[in-house]
>>> print(open('final.cif').read())   # mmCIF, C-alpha atoms
data_target
loop_
_atom_site.group_PDB
_atom_site.id
_atom_site.type_symbol
_atom_site.label_atom_id
_atom_site.label_comp_id
_atom_site.auth_asym_id
_atom_site.auth_seq_id
_atom_site.Cartn_x
_atom_site.Cartn_y
_atom_site.Cartn_z
ATOM 1 C CA MET A 1 0.000 0.000 0.000
ATOM 2 C CA LYS A 2 2.863 2.363 0.769
ATOM 3 C CA HIS A 3 4.201 1.873 -2.773
ATOM 4 C CA LYS A 4 0.866 2.970 -4.275
ATOM 5 C CA LEU A 5 0.858 6.115 -2.142
ATOM 6 C CA THR A 6 4.400 6.937 -3.208
ATOM 7 C CA THR A 7 3.511 6.343 -6.860
ATOM 8 C CA PHE A 8 0.460 8.602 -6.605
ATOM 9 C CA ALA A 9 2.543 11.339 -4.961
ATOM 10 C CA THR A 10 5.097 11.066 -7.779
ATOM 11 C CA LEU A 11 2.359 11.263 -10.432
ATOM 12 C CA ASN A 12 0.866 14.253 -8.634
ATOM 13 C CA GLN A 13 4.235 16.039 -8.740
ATOM 14 C CA LYS A 14 4.695 15.215 -12.435
ATOM 15 C CA LEU A 15 1.193 16.477 -13.244
ATOM 16 C CA PHE A 16 1.922 19.708 -11.361
ATOM 17 C CA ALA A 17 5.176 20.175 -13.290
ATOM 18 C CA MET A 18 3.527 19.391 -16.635
ATOM 19 C CA LEU A 19 0.669 21.825 -16.060
ATOM 20 C CA HIS A 20 3.058 24.494 -14.869
ATOM 21 C CA LEU A 21 5.299 24.234 -17.915
ATOM 22 C CA SER A 22 2.452 24.443 -20.419
ATOM 23 C CA ASN A 23 0.774 27.501 -18.894
ATOM 24 C CA PRO A 24 2.045 30.262 -16.573
ATOM 25 C CA GLY A 25 -0.529 29.344 -13.959
ATOM 26 C CA VAL A 26 -0.786 27.409 -10.751
ATOM 27 C CA PRO A 27 -2.646 24.089 -10.704
ATOM 28 C CA VAL A 28 -4.888 24.255 -7.643
ATOM 29 C CA PRO A 29 -5.941 20.910 -6.150
ATOM 30 C CA VAL A 30 -9.728 20.988 -5.758
ATOM 31 C CA ILE A 31 -12.359 18.296 -5.294
ATOM 32 C CA GLY A 32 -12.359 16.165 -8.400
ATOM 33 C CA GLY A 33 -9.123 17.421 -9.946
ATOM 34 C CA TYR A 34 -7.285 20.672 -10.518
ATOM 35 C CA ASP A 35 -8.243 24.227 -11.442
ATOM 36 C CA LEU A 36 -5.528 26.073 -13.346
ATOM 37 C CA ILE A 37 -5.373 29.692 -12.192
ATOM 38 C CA PRO A 38 -3.168 32.022 -14.277
ATOM 39 C CA LEU A 39 -0.611 33.673 -11.998
ATOM 40 C CA HIS A 40 -1.363 37.182 -13.258
ATOM 41 C CA THR A 41 -4.985 36.820 -12.084
ATOM 42 C CA LEU A 42 -4.095 35.571 -8.594
ATOM 43 C CA ILE A 43 -4.411 38.400 -6.051
ATOM 44 C CA TYR A 44 -3.985 36.803 -2.633
ATOM 45 C CA LEU A 45 -4.365 33.575 -0.693
ATOM 46 C CA LYS A 46 -5.956 33.129 2.706
ATOM 47 C CA ALA A 47 -5.489 30.230 5.114
ATOM 48 C CA ASP A 48 -8.693 28.616 6.340
ATOM 49 C CA GLY A 49 -7.622 25.828 8.675
ATOM 50 C CA ASN A 50 -6.211 23.033 6.509
ATOM 51 C CA TYR A 51 -7.669 24.685 3.408
ATOM 52 C CA THR A 52 -6.633 27.695 1.344
ATOM 53 C CA GLU A 53 -8.902 30.272 -0.266
ATOM 54 C CA LEU A 54 -7.389 31.646 -3.485
ATOM 55 C CA TYR A 55 -8.774 35.018 -4.586
ATOM 56 C CA HIS A 56 -8.364 35.708 -8.282
ATOM 57 C CA ILE A 57 -9.882 37.581 -11.206
ATOM 58 C CA ILE A 58 -12.119 35.991 -13.822
ATOM 59 C CA GLU A 59 -13.763 37.587 -16.843
ATOM 60 C CA LYS A 60 -17.514 37.270 -17.159
ATOM 61 C CA ASP A 61 -19.641 39.128 -19.694
ATOM 62 C CA GLY A 62 -16.712 41.448 -20.464
ATOM 63 C CA LYS A 63 -16.271 42.394 -16.789
ATOM 64 C CA GLN A 64 -13.520 41.451 -14.393
ATOM 65 C CA LEU A 65 -14.825 39.876 -11.203
ATOM 66 C CA MET A 66 -12.960 38.673 -8.135
ATOM 67 C CA THR A 67 -13.764 35.096 -7.237
ATOM 68 C CA LYS A 68 -12.603 32.561 -4.682
ATOM 69 C CA THR A 69 -11.393 29.010 -5.241
ATOM 70 C CA LEU A 70 -11.139 26.676 -2.236
ATOM 71 C CA SER A 71 -8.324 24.142 -2.169
ATOM 72 C CA GLY A 72 -7.813 21.237 0.206
ATOM 73 C CA LYS A 73 -4.119 22.122 0.455
ATOM 74 C CA GLY A 74 -2.731 24.352 3.182
ATOM 75 C CA LEU A 75 -1.088 27.720 2.628
ATOM 76 C CA LYS A 76 2.376 26.173 3.109
ATOM 77 C CA PHE A 77 1.792 24.070 -0.049
ATOM 78 C CA PHE A 78 1.200 27.219 -2.114
ATOM 79 C CA GLU A 79 4.057 29.087 -0.436
ATOM 80 C CA GLU A 80 6.415 26.397 -1.739
ATOM 81 C CA LYS A 81 4.827 26.218 -5.214
ATOM 82 C CA LEU A 82 4.886 30.006 -5.700
ATOM 83 C CA ALA A 83 8.339 30.625 -4.198
ATOM 84 C CA LYS A 84 9.953 31.605 -7.509
ATOM 85 C CA TYR A 85 7.201 34.082 -8.373
ATOM 86 C CA PRO A 86 6.435 37.494 -6.824
ATOM 87 C CA PHE A 87 4.317 36.055 -4.012
ATOM 88 C CA MET A 88 5.109 36.471 -0.335
ATOM 89 C CA ARG A 89 3.748 35.149 2.925
ATOM 90 C CA ILE A 90 2.907 38.302 4.896
ATOM 91 C CA HIS A 91 1.084 36.696 7.827
ATOM 92 C CA ASP A 92 0.306 33.203 9.115
ATOM 93 C CA SER A 93 -3.038 33.590 7.344
ATOM 94 C CA PHE A 94 -2.123 35.493 4.173
ATOM 95 C CA MET A 95 0.054 35.289 1.100
ATOM 96 C CA VAL A 96 -0.024 38.103 -1.439
ATOM 97 C CA ASN A 97 0.893 38.704 -5.068
ATOM 98 C CA LEU A 98 3.414 41.541 -4.691
ATOM 99 C CA THR A 99 2.492 42.947 -8.100
ATOM 100 C CA LYS A 100 -0.995 43.720 -6.735
ATOM 101 C CA VAL A 101 0.208 45.746 -3.714
ATOM 102 C CA VAL A 102 -0.186 49.524 -4.043
ATOM 103 C CA LYS A 103 0.449 50.661 -0.468
ATOM 104 C CA TYR A 104 1.992 49.665 2.848
ATOM 105 C CA ALA A 105 0.672 51.301 6.015
ATOM 106 C CA ARG A 106 2.116 51.048 9.523
ATOM 107 C CA GLU A 107 -0.182 49.941 12.327
ATOM 108 C CA GLY A 108 1.748 49.796 15.559
ATOM 109 C CA LYS A 109 4.171 46.868 15.463
ATOM 110 C CA GLU A 110 2.341 45.351 12.516
ATOM 111 C CA GLY A 111 1.314 46.811 9.219
ATOM 112 C CA ARG A 112 -1.135 46.474 6.360
ATOM 113 C CA VAL A 113 -0.836 46.164 2.631
ATOM 114 C CA VAL A 114 -3.491 47.666 0.416
ATOM 115 C CA LEU A 115 -4.118 45.913 -2.871
ATOM 116 C CA TYR A 116 -5.047 47.541 -6.171
ATOM 117 C CA ASN A 117 -8.724 46.688 -5.581
ATOM 118 C CA GLY A 118 -8.780 48.384 -2.159
ATOM 119 C CA LYS A 119 -8.605 45.175 -0.135
ATOM 120 C CA SER A 120 -6.456 45.555 2.982
ATOM 121 C CA LEU A 121 -4.489 42.650 4.501
ATOM 122 C CA ILE A 122 -2.589 42.539 7.773
ATOM 123 C CA VAL A 123 1.196 42.088 7.766
ATOM 124 C CA SER A 124 2.633 40.374 10.837
ATOM 125 C CA ARG A 125 5.429 42.097 12.696
ATOM 126 C CA THR A 126 7.716 39.103 12.054
ATOM 127 C CA ARG A 127 7.255 39.378 8.265
ATOM 128 C CA LYS A 128 7.121 43.151 7.956
ATOM 129 C CA ASN A 129 10.843 43.733 7.353
ATOM 130 C CA GLN A 130 10.973 40.998 4.716
ATOM 131 C CA LEU A 131 8.075 42.649 2.880
ATOM 132 C CA LEU A 132 9.686 46.084 3.012
ATOM 133 C CA ALA A 133 12.985 44.640 1.760
ATOM 134 C CA ALA A 134 11.154 43.015 -1.175
ATOM 135 C CA PHE A 135 10.107 46.510 -2.259
ATOM 136 C CA GLY A 136 13.640 47.855 -1.808
ATOM 137 C CA LEU A 137 12.737 49.779 1.340
ATOM 138 C CA THR A 138 14.794 49.980 4.504
ATOM 139 C CA PRO A 139 13.400 47.593 7.112
ATOM 140 C CA GLU A 140 12.040 49.240 10.227
ATOM 141 C CA GLU A 141 13.552 48.645 13.633
#
>>> encode(input="final.cif", output="structure tokens")
Amino acid sequence: MKHKLTTFATLNQKLFAMLHLSNPGVPVPVIGGYDLIPLHTLIYLKADGNYTELYHIIEKDGKQLMTKTLSGKGLKFFEEKLAKYPFMRIHDSFMVNLTKVVKYAREGKEGRVVLYNGKSLIVSRTRKNQLLAAFGLTPEE
């Protein structure tokens, strides 16, 4: 039985790599398969227990709408898969597409990022300096 689990894990990794190479998107494990979300449409990710909510843009009737996809994988899974792209874990509960950030605001020892759509997300004090450095700013003491 262990061999079958290992084989499935290997196939899962190969499928992820194959999907990733053919399209600049992230294959999101969902019930019944995978949803492929183009990276440029992905705005932020939110931890929800052992699940992750992925907020992204879709086009419908010529309009851009923000939608949510729920994945059975934790935020750590996506942190590893998106490590080479401009995504950063800014809090235990949030990961953000850095290209969608338009503002950083201090709030005591923590901070907030404001996204292009006006959504505000908290930045933990332990990740604040890393975020500022990613934007070429001097980390705060």
>>> atom_distance(input="final.cif", atom1="atom CA of A:Ala134", atom2="atom CA of A:Ser120")
18.3 Å
>>> closest_residue(input="final.cif", among="A:Met95, A:Leu65, A:Leu115, A:Leu121", to="A:Glu79", atoms="only C-alpha atoms")
A:Met95
>>> atom_distance(input="final.cif", atom1="atom CA of A:Val26", atom2="atom CA of A:Tyr116")
21.1 Å
>>> residues_around(input="final.cif", residues="A:Lys73", least_positions_apart="2", cutoff="7 Å", atoms="only C-alpha atoms", output="list in words")
Pro29, Asn50, Tyr51, Thr52, Ser71, Leu75 and Phe77 of chain A
>>> write_last_selection(input="final.cif", atoms="C-alpha atoms", output="CSV table (one decimal), in the frame of the given file")
chain,number,residue,atom,x,y,z
A,29,PRO,CA,-5.9,20.9,-6.2
A,50,ASN,CA,-6.2,23.0,6.5
A,51,TYR,CA,-7.7,24.7,3.4
A,52,THR,CA,-6.6,27.7,1.3
A,71,SER,CA,-8.3,24.1,-2.2
A,75,LEU,CA,-1.1,27.7,2.6
A,77,PHE,CA,1.8,24.1,0.0
>>> atom_distance(input="final.cif", atom1="atom CA of A:Gly72", atom2="atom CA of A:Ile31")
7.7 Å
>>> resolve_selection(input="final.cif", expression="the PyMOL selection byres ((chain A and resi 119) around 12)", output="PyMOL selection string")
chain A and resi 43-44+55+66+96+100-104+112-118+120-122
>>> closest_residue(input="final.cif", among="A:Ala133, A:Val123, A:Val30, A:Leu42", to="A:Thr99", atoms="all atoms listed in the file")
A:Leu42
>>> residues_around(input="final.cif", residues="A:Val28", least_positions_apart="3", cutoff="8 Å", atoms="all atoms listed in the file", output="list in words")
Tyr34, Asp35, Leu36, Ile37 and Ser71 of chain A
>>> resolve_selection(input="final.cif", expression="the PyMOL selection byres ((chain A and resi 39) around 10)", output="PyMOL selection string")
chain A and resi 23-27+36-38+40-43+56+82+85-87+97
>>> residues_around(input="final.cif", residues="A:Lys109", least_positions_apart="4", cutoff="12 Å", atoms="only C-alpha atoms", output="VMD selection string")
chain A and resid 105 122 to 129 140 to 141
>>> write_last_selection(input="final.cif", atoms="C-alpha atoms", output="PDB file, in the coordinates of the input")
ATOM      1  CA  ALA A 105       0.672  51.301   6.015  1.00  0.00           C
ATOM      2  CA  ILE A 122      -2.589  42.539   7.773  1.00  0.00           C
ATOM      3  CA  VAL A 123       1.196  42.088   7.766  1.00  0.00           C
ATOM      4  CA  SER A 124       2.633  40.374  10.837  1.00  0.00           C
ATOM      5  CA  ARG A 125       5.429  42.097  12.696  1.00  0.00           C
ATOM      6  CA  THR A 126       7.716  39.103  12.054  1.00  0.00           C
ATOM      7  CA  ARG A 127       7.255  39.378   8.265  1.00  0.00           C
ATOM      8  CA  LYS A 128       7.121  43.151   7.956  1.00  0.00           C
ATOM      9  CA  ASN A 129      10.843  43.733   7.353  1.00  0.00           C
ATOM     10  CA  GLU A 140      12.040  49.240  10.227  1.00  0.00           C
ATOM     11  CA  GLU A 141      13.552  48.645  13.633  1.00  0.00           C
TER      12      GLU A 141
END
>>> axis_aligned_box(input="final.cif", around="stretch 83-91 of chain A", padding_each_side="5 Å", output="JSON")
{"center_x": 5.5, "center_y": 34.5, "center_z": -0.3, "size_x": 18.9, "size_y": 17.7, "size_z": 26.2}
>>> residues_around(input="final.cif", residues="A:Leu54", least_positions_apart="4", cutoff="6 Å", atoms="all atoms listed in the file", output="PyMOL selection string")
chain A and resi 45+68-69
>>> build_atoms(input="final.cif", residues="stretch 72-88 of chain A", atoms="N, CA and C atoms", output="short mmCIF file (atom, residue, chain, number, x, y, z; two decimals), in the coordinates of the input")
data_model
loop_
_atom_site.label_atom_id
_atom_site.label_comp_id
_atom_site.auth_asym_id
_atom_site.auth_seq_id
_atom_site.Cartn_x
_atom_site.Cartn_y
_atom_site.Cartn_z
N GLY A 72 -8.04 22.09 -0.96
CA GLY A 72 -7.81 21.24 0.21
C GLY A 72 -6.37 21.23 0.68
N LYS A 73 -5.52 22.01 0.04
CA LYS A 73 -4.12 22.12 0.46
C LYS A 73 -3.95 23.35 1.35
N GLY A 74 -3.01 23.24 2.28
CA GLY A 74 -2.73 24.35 3.18
C GLY A 74 -1.91 25.44 2.52
N LEU A 75 -1.82 26.57 3.17
CA LEU A 75 -1.09 27.72 2.63
C LEU A 75 0.39 27.40 2.41
N LYS A 76 0.96 26.56 3.25
CA LYS A 76 2.38 26.17 3.11
C LYS A 76 2.63 25.52 1.75
N PHE A 77 1.68 24.71 1.26
CA PHE A 77 1.79 24.07 -0.05
C PHE A 77 1.97 25.12 -1.14
N PHE A 78 1.13 26.17 -1.10
CA PHE A 78 1.20 27.22 -2.11
C PHE A 78 2.42 28.11 -1.93
N GLU A 79 2.85 28.30 -0.69
CA GLU A 79 4.06 29.09 -0.44
C GLU A 79 5.25 28.43 -1.13
N GLU A 80 5.33 27.11 -1.08
CA GLU A 80 6.42 26.40 -1.74
C GLU A 80 6.27 26.43 -3.27
N LYS A 81 5.05 26.26 -3.77
CA LYS A 81 4.83 26.22 -5.21
C LYS A 81 5.03 27.59 -5.88
N LEU A 82 4.80 28.66 -5.13
CA LEU A 82 4.89 30.01 -5.70
C LEU A 82 6.18 30.73 -5.31
N ALA A 83 7.12 30.01 -4.73
CA ALA A 83 8.34 30.62 -4.20
C ALA A 83 9.15 31.38 -5.25
N LYS A 84 9.13 30.93 -6.50
CA LYS A 84 9.95 31.60 -7.51
C LYS A 84 9.21 32.73 -8.22
N TYR A 85 8.02 33.01 -7.79
CA TYR A 85 7.20 34.08 -8.37
C TYR A 85 7.04 35.21 -7.35
N PRO A 86 6.53 36.36 -7.76
CA PRO A 86 6.44 37.49 -6.82
C PRO A 86 5.26 37.36 -5.84
N PHE A 87 5.30 36.28 -5.06
CA PHE A 87 4.32 36.06 -4.01
C PHE A 87 5.05 35.97 -2.70
N MET A 88 4.45 36.48 -1.63
CA MET A 88 5.11 36.47 -0.34
C MET A 88 4.11 36.20 0.77
#
